[in-house]
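Next comes protein19.cif, a file with mmCIF, C-alpha atoms.
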```
data_my_file
loop_
_atom_site.label_atom_id
_atom_site.label_comp_id
_atom_site.auth_asym_id
_atom_site.auth_seq_id
_atom_site.Cartn_x
_atom_site.Cartn_y
_atom_site.Cartn_z
CA MET Z 1 -15.98 1.67 5.67
CA THR Z 2 -13.21 2.69 8.02
CA TYR Z 3 -9.50 2.64 7.22
CA ALA Z 4 -6.53 2.83 9.58
CA PHE Z 5 -3.83 5.50 9.32
CA PRO Z 6 -0.74 6.41 11.36
CA PRO Z 7 -1.81 7.84 14.74
CA GLY Z 8 0.87 10.54 14.96
CA GLY Z 9 1.27 12.26 18.30
CA LEU Z 10 3.62 10.86 20.92
CA PRO Z 11 3.01 8.34 23.74
CA ASP Z 12 3.25 9.79 27.23
CA GLN Z 13 6.13 9.07 29.61
CA SER Z 14 4.30 6.18 31.30
CA VAL Z 15 4.48 3.97 28.22
CA ASN Z 16 6.95 1.07 28.23
CA PRO Z 17 9.40 1.72 25.36
CA GLU Z 18 9.88 -2.00 24.72
CA GLY Z 19 7.96 -2.32 21.47
CA THR Z 20 6.93 -4.92 18.91
CA ALA Z 21 8.69 -3.48 15.86
CA VAL Z 22 10.79 -6.07 14.02
CA PHE Z 23 13.40 -5.82 11.28
CA THR Z 24 14.92 -9.03 9.96
CA GLU Z 25 16.65 -10.17 6.78
CA ALA Z 26 13.31 -11.54 5.53
CA TYR Z 27 10.68 -9.08 6.78
CA ALA Z 28 9.95 -5.97 8.80
CA VAL Z 29 6.99 -5.00 10.97
CA LEU Z 30 6.29 -1.33 11.71
CA PRO Z 31 3.47 -1.30 14.30
CA ALA Z 32 1.07 1.63 14.27
CA VAL Z 33 2.45 2.75 17.63
CA THR Z 34 5.80 3.54 15.96
CA GLN Z 35 4.22 5.85 13.35
CA ARG Z 36 4.52 9.05 15.38
CA ASP Z 37 5.12 12.73 14.69
CA ILE Z 38 8.87 12.51 15.24
CA VAL Z 39 9.34 10.17 12.27
CA THR Z 40 7.48 12.21 9.66
CA SER Z 41 9.11 13.71 6.58
CA TYR Z 42 8.24 16.53 4.17
CA LEU Z 43 8.68 16.86 0.43
CA PRO Z 44 9.83 19.87 -1.63
CA GLY Z 45 7.15 21.22 -3.93
CA TRP Z 46 4.32 20.43 -1.53
CA THR Z 47 2.24 22.68 0.74
CA GLY Z 48 0.77 21.59 4.06
CA MET Z 49 1.90 17.98 3.88
CA ARG Z 50 3.71 15.49 6.04
CA MET Z 51 4.30 11.80 5.46
CA TRP Z 52 5.41 8.59 7.07
CA VAL Z 53 7.81 6.63 4.88
CA LEU Z 54 6.81 3.01 5.38
CA ALA Z 55 8.99 1.39 2.71
CA ARG Z 56 11.77 2.37 0.36
CA PRO Z 57 14.05 0.32 -1.90
CA LEU Z 58 16.86 -1.32 0.06
CA SER Z 59 19.55 -3.36 -1.64
CA GLY Z 60 19.20 -7.00 -0.68
CA PHE Z 61 15.75 -6.49 0.82
CA ALA Z 62 12.64 -5.20 -0.98
CA GLU Z 63 13.94 -3.27 -3.97
CA THR Z 64 11.01 -2.38 -6.22
CA PHE Z 65 8.78 0.14 -4.44
CA SER Z 66 8.27 2.92 -1.94
CA GLN Z 67 5.20 3.44 0.21
CA TYR Z 68 4.12 6.58 2.05
CA ALA Z 69 1.24 7.47 4.36
CA VAL Z 70 0.53 11.13 3.59
CA GLU Z 71 -1.46 13.70 5.54
CA LEU Z 72 -2.52 16.92 3.77
CA ALA Z 73 -3.79 19.93 5.68
CA PRO Z 74 -6.78 21.84 4.26
CA GLY Z 75 -5.49 23.78 1.26
CA GLY Z 76 -2.40 21.59 1.03
CA GLY Z 77 -1.14 19.76 -2.02
CA SER Z 78 1.20 19.95 -4.99
CA ASP Z 79 1.14 20.88 -8.65
CA LYS Z 80 4.03 18.45 -9.25
CA PRO Z 81 3.72 15.53 -6.84
CA GLU Z 82 6.07 13.21 -8.74
CA VAL Z 83 9.61 14.19 -9.71
CA ASP Z 84 10.59 10.89 -11.38
CA PRO Z 85 9.12 10.59 -14.91
CA GLU Z 86 9.58 6.80 -14.80
CA ALA Z 87 7.54 6.39 -11.61
CA GLN Z 88 3.96 5.18 -11.55
CA SER Z 89 1.70 5.72 -8.55
CA VAL Z 90 -1.32 4.37 -6.74
CA ILE Z 91 -3.24 6.73 -4.46
CA PHE Z 92 -5.65 5.22 -1.90
CA VAL Z 93 -7.64 7.65 0.24
CA VAL Z 94 -8.47 6.74 3.83
CA GLY Z 95 -9.68 10.06 5.27
CA GLY Z 96 -10.96 13.45 4.10
CA THR Z 97 -11.20 14.33 0.43
CA LEU Z 98 -8.72 14.97 -2.39
CA THR Z 99 -8.92 16.67 -5.76
CA LEU Z 100 -6.82 14.80 -8.29
CA ASN Z 101 -6.19 16.26 -11.74
CA ILE Z 102 -4.71 13.90 -14.35
CA ASP Z 103 -3.88 15.42 -17.74
CA GLY Z 104 -6.61 18.03 -17.24
CA ALA Z 105 -9.30 15.61 -16.00
CA ARG Z 106 -10.52 16.44 -12.48
CA HIS Z 107 -11.44 13.71 -10.00
CA ALA Z 108 -12.85 14.01 -6.49
CA LEU Z 109 -11.64 11.27 -4.16
CA ALA Z 110 -13.30 10.36 -0.86
CA PRO Z 111 -12.35 7.59 1.60
CA GLY Z 112 -11.97 4.38 -0.37
CA GLY Z 113 -11.03 6.32 -3.51
CA TYR Z 114 -8.36 4.66 -5.62
CA ALA Z 115 -6.35 6.16 -8.48
CA TYR Z 116 -3.66 4.77 -10.75
CA VAL Z 117 -1.29 7.32 -12.29
CA PRO Z 118 1.00 6.07 -15.10
CA PRO Z 119 4.62 7.18 -15.53
CA ASP Z 120 5.42 10.41 -17.37
CA THR Z 121 2.01 11.90 -16.52
CA VAL Z 122 1.06 15.47 -15.64
CA TRP Z 123 -0.97 15.39 -12.44
CA THR Z 124 -1.77 17.49 -9.40
CA LEU Z 125 -3.17 16.66 -5.98
CA TRP Z 126 -4.84 19.07 -3.55
CA ASN Z 127 -6.97 19.01 -0.43
CA ASP Z 128 -9.85 21.39 -1.13
CA GLY Z 129 -11.79 20.22 1.93
CA GLU Z 130 -12.06 21.62 5.43
CA SER Z 131 -10.42 18.71 7.25
CA PRO Z 132 -7.10 16.89 6.80
CA ALA Z 133 -6.91 14.42 3.92
CA LYS Z 134 -5.11 11.12 4.51
CA PHE Z 135 -3.93 8.72 1.85
CA HIS Z 136 -1.51 5.96 1.00
CA TRP Z 137 0.86 6.58 -1.89
CA ILE Z 138 2.64 3.62 -3.47
CA ARG Z 139 5.30 4.25 -6.12
CA LYS Z 140 7.17 1.92 -8.45
CA ARG Z 141 9.44 2.62 -11.40
CA TYR Z 142 7.60 1.30 -14.45
CA VAL Z 143 9.31 -1.49 -16.39
CA GLU Z 144 8.53 -1.29 -20.09
CA ALA Z 145 8.05 -4.47 -22.14
CA GLU Z 146 8.38 -4.86 -25.90
CA GLY Z 147 5.00 -4.84 -27.62
CA VAL Z 148 3.16 -3.85 -24.43
CA ASP Z 149 1.57 -0.42 -24.08
CA THR Z 150 1.91 1.72 -20.98
CA PRO Z 151 -1.30 1.46 -18.92
CA GLU Z 152 -3.78 4.31 -18.84
CA ALA Z 153 -4.73 6.33 -15.78
CA PHE Z 154 -7.93 5.37 -14.03
CA VAL Z 155 -9.92 6.31 -10.94
CA THR Z 156 -12.27 4.03 -9.02
CA SER Z 157 -13.00 3.16 -5.37
CA ASP Z 158 -13.09 0.33 -2.89
CA GLN Z 159 -16.87 0.62 -2.88
CA ASP Z 160 -17.16 0.28 -6.68
CA VAL Z 161 -15.07 -2.87 -7.18
CA ALA Z 162 -16.58 -6.17 -6.10
CA PRO Z 163 -14.17 -8.48 -4.24
CA THR Z 164 -13.28 -11.74 -5.96
CA GLU Z 165 -13.68 -14.77 -3.73
CA MET Z 166 -10.62 -16.99 -3.58
CA PRO Z 167 -11.26 -20.60 -4.65
CA ASP Z 168 -12.22 -23.29 -2.12
CA CYS Z 169 -12.50 -20.81 0.76
CA ASN Z 170 -16.28 -20.69 1.37
CA GLY Z 171 -16.29 -16.92 0.88
CA VAL Z 172 -14.12 -16.06 3.90
CA TRP Z 173 -11.12 -14.92 1.79
CA ALA Z 174 -11.53 -12.41 -1.04
CA THR Z 175 -9.38 -9.97 -3.00
CA THR Z 176 -10.48 -6.59 -4.36
CA ARG Z 177 -8.53 -6.38 -7.61
CA PHE Z 178 -8.40 -2.92 -9.16
CA VAL Z 179 -6.48 -4.24 -12.18
CA ASP Z 180 -7.14 -7.36 -14.25
CA PRO Z 181 -4.32 -9.80 -13.33
CA THR Z 182 -4.00 -10.81 -17.00
CA ASP Z 183 -3.45 -7.21 -18.16
CA LEU Z 184 0.27 -7.33 -18.94
CA ARG Z 185 0.50 -3.56 -19.21
CA HIS Z 186 0.62 -3.47 -15.42
CA ASP Z 187 3.82 -4.48 -13.63
CA MET Z 188 2.44 -3.91 -10.14
CA HIS Z 189 -0.81 -4.69 -8.37
CA VAL Z 190 -2.18 -2.81 -5.39
CA ASN Z 191 -5.17 -4.74 -4.06
CA ILE Z 192 -7.23 -5.01 -0.88
CA VAL Z 193 -7.36 -8.43 0.75
CA THR Z 194 -10.32 -9.21 3.01
CA PHE Z 195 -10.80 -12.08 5.45
CA GLN Z 196 -14.06 -12.66 7.26
CA PRO Z 197 -13.90 -13.86 10.90
CA GLY Z 198 -12.31 -17.27 10.99
CA GLY Z 199 -10.64 -16.84 7.59
CA ARG Z 200 -7.05 -17.70 6.88
CA ILE Z 201 -4.37 -18.20 4.26
CA PRO Z 202 -4.25 -21.99 4.56
CA PHE Z 203 -0.64 -22.47 3.45
CA ALA Z 204 2.65 -20.60 3.74
CA GLU Z 205 2.87 -18.57 0.53
CA THR Z 206 6.43 -18.38 -0.78
CA HIS Z 207 6.96 -16.40 -3.99
CA VAL Z 208 9.11 -13.88 -5.81
CA MET Z 209 6.80 -10.88 -5.35
CA GLU Z 210 7.82 -8.30 -2.77
CA HIS Z 211 5.04 -7.10 -0.49
CA GLY Z 212 3.92 -4.07 1.44
CA LEU Z 213 0.89 -4.87 3.63
CA TYR Z 214 -0.85 -2.07 5.53
CA VAL Z 215 -3.58 -3.29 7.88
CA LEU Z 216 -6.70 -1.23 7.21
CA GLU Z 217 -9.05 -3.00 9.62
CA GLY Z 218 -9.21 -5.91 12.06
CA THR Z 219 -6.66 -8.22 13.63
CA ALA Z 220 -4.81 -11.42 12.74
CA ASP Z 221 -1.87 -13.58 13.58
CA TYR Z 222 0.46 -13.30 10.58
CA LEU Z 223 3.18 -15.78 9.70
CA LEU Z 224 6.34 -14.00 8.56
CA ASN Z 225 9.17 -16.39 7.66
CA LYS Z 226 9.16 -18.61 10.79
CA ASP Z 227 7.49 -16.18 13.20
CA TRP Z 228 3.82 -15.68 14.06
CA VAL Z 229 3.22 -11.96 14.69
CA PRO Z 230 -0.04 -10.43 15.98
CA VAL Z 231 -1.05 -7.42 13.84
CA GLY Z 232 -3.87 -4.89 13.92
CA PRO Z 233 -5.12 -1.61 12.41
CA GLY Z 234 -2.30 0.63 11.18
CA ASP Z 235 0.43 -2.00 11.38
CA PHE Z 236 2.65 -2.30 8.31
CA MET Z 237 4.43 -5.45 7.13
CA TRP Z 238 7.25 -5.33 4.60
CA LEU Z 239 8.28 -8.62 2.99
CA ARG Z 240 11.21 -9.34 0.71
CA ALA Z 241 10.97 -11.87 -2.12
CA PHE Z 242 10.37 -15.50 -1.07
CA CYS Z 243 9.56 -14.68 2.57
CA PRO Z 244 6.98 -17.32 3.65
CA GLN Z 245 3.68 -15.79 4.77
CA ALA Z 246 0.24 -16.83 5.96
CA CYS Z 247 -2.40 -15.49 8.34
CA ILE Z 248 -5.19 -16.53 10.69
CA THR Z 249 -7.80 -13.91 11.59
CA THR Z 250 -8.49 -13.14 15.23
CA GLY Z 251 -11.38 -11.31 16.88
CA ASP Z 252 -14.98 -10.94 15.75
CA GLY Z 253 -14.51 -8.54 12.84
CA ARG Z 254 -13.11 -8.86 9.36
CA PHE Z 255 -9.41 -8.38 8.63
CA ARG Z 256 -8.39 -6.19 5.66
CA TYR Z 257 -5.08 -4.93 4.31
CA LEU Z 258 -3.77 -2.91 1.38
CA LEU Z 259 -1.35 -5.12 -0.56
CA TYR Z 260 1.44 -4.18 -3.00
CA LYS Z 261 3.21 -6.69 -5.23
CA ASP Z 262 5.39 -6.56 -8.35
CA VAL Z 263 4.24 -8.77 -11.23
CA ASN Z 264 4.32 -9.59 -14.97
CA ARG Z 265 7.96 -8.91 -15.87
CA HIS Z 266 11.20 -10.81 -16.46
CA MET Z 267 13.53 -11.03 -13.51
CA PRO Z 268 16.49 -8.66 -13.95
CA LEU Z 269 19.78 -10.51 -14.40
#
```

In structure tokens, write the structure found in this file.
Amino acid sequence: MTYAFPPGGLPDQSVNPEGTAVFTEAYAVLPAVTQRDIVTSYLPGWTGMRMWVLARPLSGFAETFSQYAVELAPGGGSDKPEVDPEAQSVIFVVGGTLTLNIDGARHALAPGGYAYVPPDTVWTLWNDGESPAKFHWIRKRYVEAEGVDTPEAFVTSDQDVAPTEMPDCNGVWATTRFVDPTDLRHDMHVNIVTFQPGGRIPFAETHVMEHGLYVLEGTADYLLNKDWVPVGPGDFMWLRAFCPQACITTGDGRFRYLLYKDVNRHMPL
């Protein structure tokens, strides 16, 4: 499998600067072409890393999560990646290899590798390979619930989890769920949604969950609020609660994206 990642670099002087990035009260689109070297950031406590910040909590917009695309040079990493003890993380590897250590247990992650790290966990992350490692890092502050245990750490991969076909869709729409939706320990889901050629979301979804959608593969026309937006590999969509959304695949290949949503908790009042 192949997975998109920010291209970095910088367009040459012949490129028309009129772009397709959009920021509205309901949604934002950060096309891959905007994810360049001049918008990277670095984190204290890390070696040989840079990252693109794709989403962060904004009052009145999407308030529950942050999402980074991180590139680690060979030998790069951190012995204390997370500084917030209340934050939980999902790591999804798209290039190179990573060595993840969770509470003393060592895990080797290759492209497609997926890891969930609970809050208040001791973990480290290093690139022991000879080429850059690239991964998505999604973070959310965990919301405890009375009588519900904190979820355990786990490591799996895109290749090891069978997609679940959505009902009444003839197999053209499926979701790779890394967490059981009925497991109330989890207050966020990070899934992979796959559409075969010709597939679509056949209605405008409108719901309370905030979304981050990073296109891993393929192309589609995506409905965001009232606008149809063409998207492709490396494009990122950021949706606030209740923003209507749907999609229709385009081209001859499948369309896949990494999807974040917040779930399974009372609404704060």

Item to complete: Please write as a PyMOL selection string the full residue list that the PyMOL selection byres ((chain Z and resi 257-267) around 9) yields on this file.
Response: chain Z and resi 64-65+92+138+140+143-145+181-194+208-218+233+255-256+268-269

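Between Z:Val53 and the residues Z:Phe203, Z:Trp126, Z:Tyr68, Z:Tyr222, the shortest atom-to-atom distance, using only C-alpha atoms, involves Z:Tyr68.
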
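Once the PyMOL selection byres ((chain Z and resi 26) around 7) is applied to the depicted file, the selected set reads Thr24, Glu25, Tyr27, Asn225, Leu239, Arg240 and Cys243 of chain Z.
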
Can you tell me, as an mmCIF file with C-alpha atoms, in the frame of the given file, what residues are no more than 7 Å from Z:Val231 when counting only C-alpha atoms, ignoring any on the same chain fewer than 3 positions away?
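Dumped to part-v5.cif:
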```cif
data_model
loop_
_atom_site.group_PDB
_atom_site.id
_atom_site.type_symbol
_atom_site.label_atom_id
_atom_site.label_comp_id
_atom_site.auth_asym_id
_atom_site.auth_seq_id
_atom_site.Cartn_x
_atom_site.Cartn_y
_atom_site.Cartn_z
ATOM 1 C CA THR Z 219 -6.660 -8.220 13.630
ATOM 2 C CA ALA Z 220 -4.810 -11.420 12.740
ATOM 3 C CA ASP Z 221 -1.870 -13.580 13.580
ATOM 4 C CA TYR Z 222 0.460 -13.300 10.580
ATOM 5 C CA ASP Z 235 0.430 -2.000 11.380
#
```

Item to complete: Measuring atom to atom with only C-alpha atoms, identify which of Z:Lys80, Z:His136, Z:Arg56, Z:Arg200 is nearest to Z:Phe5.
Response: Z:His136

Discussion item. I'd like to know which of Z:Pro111, Z:Pro167, Z:Gly75, Z:Gly96 is closest to Z:Asp128, using only C-alpha atoms.
Written reply: Z:Gly75

Fill in: Residue nearest Z:Met1 among Z:Ala21, Z:Val33, Z:Val94, Z:Ala69 (counting only C-alpha atoms)
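Closest residue, counting only C-alpha atoms: Z:Val94.
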
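Going from atom CA of Z:Phe61 to atom CA of Z:Trp238 covers 9.4 Å.
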
Worksheet entry | Explicit residues for the PyMOL selection byres ((chain Z and resi 86) around 7) (as a PyMOL selection string) | chain Z and resi 84-85+87-88+119-120+141-142

Could you write out that same residue set with C-alpha atoms as a short mmCIF file (atom, residue, chain, number, x, y, z; two decimals), in the coordinates of the input?
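Contents of out_7.cif, as written:
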```
data_model
loop_
_atom_site.label_atom_id
_atom_site.label_comp_id
_atom_site.auth_asym_id
_atom_site.auth_seq_id
_atom_site.Cartn_x
_atom_site.Cartn_y
_atom_site.Cartn_z
CA ASP Z 84 10.59 10.89 -11.38
CA PRO Z 85 9.12 10.59 -14.91
CA ALA Z 87 7.54 6.39 -11.61
CA GLN Z 88 3.96 5.18 -11.55
CA PRO Z 119 4.62 7.18 -15.53
CA ASP Z 120 5.42 10.41 -17.37
CA ARG Z 141 9.44 2.62 -11.40
CA TYR Z 142 7.60 1.30 -14.45
#
```

Worksheet entry | Contacts of Z:Gln196 at 10 Å (only C-alpha atoms; same-chain gap of 6+ positions) as a list of chain:residue names | Z:Gly171, Z:Val172, Z:Trp173, Z:Ala174, Z:Gly218, Z:Thr249, Z:Thr250, Z:Asp252, Z:Gly253, Z:Arg254, Z:Phe255, Z:Arg256

Those selected residues, please, written with C-alpha atoms and delivered as a PDB file, keeping the file's coordinate frame.
```pdb
ATOM      1  CA  GLY Z 171     -16.290 -16.920   0.880  1.00  0.00           C
ATOM      2  CA  VAL Z 172     -14.120 -16.060   3.900  1.00  0.00           C
ATOM      3  CA  TRP Z 173     -11.120 -14.920   1.790  1.00  0.00           C
ATOM      4  CA  ALA Z 174     -11.530 -12.410  -1.040  1.00  0.00           C
ATOM      5  CA  GLY Z 218      -9.210  -5.910  12.060  1.00  0.00           C
ATOM      6  CA  THR Z 249      -7.800 -13.910  11.590  1.00  0.00           C
ATOM      7  CA  THR Z 250      -8.490 -13.140  15.230  1.00  0.00           C
ATOM      8  CA  ASP Z 252     -14.980 -10.940  15.750  1.00  0.00           C
ATOM      9  CA  GLY Z 253     -14.510  -8.540  12.840  1.00  0.00           C
ATOM     10  CA  ARG Z 254     -13.110  -8.860   9.360  1.00  0.00           C
ATOM     11  CA  PHE Z 255      -9.410  -8.380   8.630  1.00  0.00           C
ATOM     12  CA  ARG Z 256      -8.390  -6.190   5.660  1.00  0.00           C
TER      13      ARG Z 256
END
```

Item to complete: Write out as a list in words which residues come within 6 Å of stretch 154-166 of chain Z when counting only C-alpha atoms, dropping same-chain ones fewer than 6 positions away.
Response: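 Within the cut-off, the hits are Gly112, Gly113, Tyr114, Ala115, Tyr116, Trp173, Ala174, Thr175 and Thr176 of chain Z.
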
Discussion item. For a quick check of understanding, using all atoms listed in the file, which of Z:Trp46, Z:Phe236, Z:Trp228, Z:Phe242 has the smallest distance to Z:Leu72?
Written reply: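 Selected residue with least distance to Z:Leu72: Z:Trp46.
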
Worksheet entry | stretch 99-104 of chain Z environment, 9 Å, only C-alpha atoms, sequence neighbours closer than 3 positions dropped, as an MDAnalysis selection string | chainID Z and resid 107:109 115 117 121:129 153

Worksheet item: Distance atom CA of Z:Gly232-atom CA of Z:Trp52, one decimal place?
Response: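 One can read the atom CA of Z:Gly232 to atom CA of Z:Trp52 distance as 17.7 Å.
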
Worksheet item: Can you tell me how far atom CA of Z:Ala105 sits from atom CA of Z:Val148, in Å to one decimal?
Response: 24.6 Å

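Counting only C-alpha atoms, the residue from Z:Val229, Z:Met51, Z:Ala62, Z:Val179 that sits nearest to Z:Trp137 is Z:Met51.
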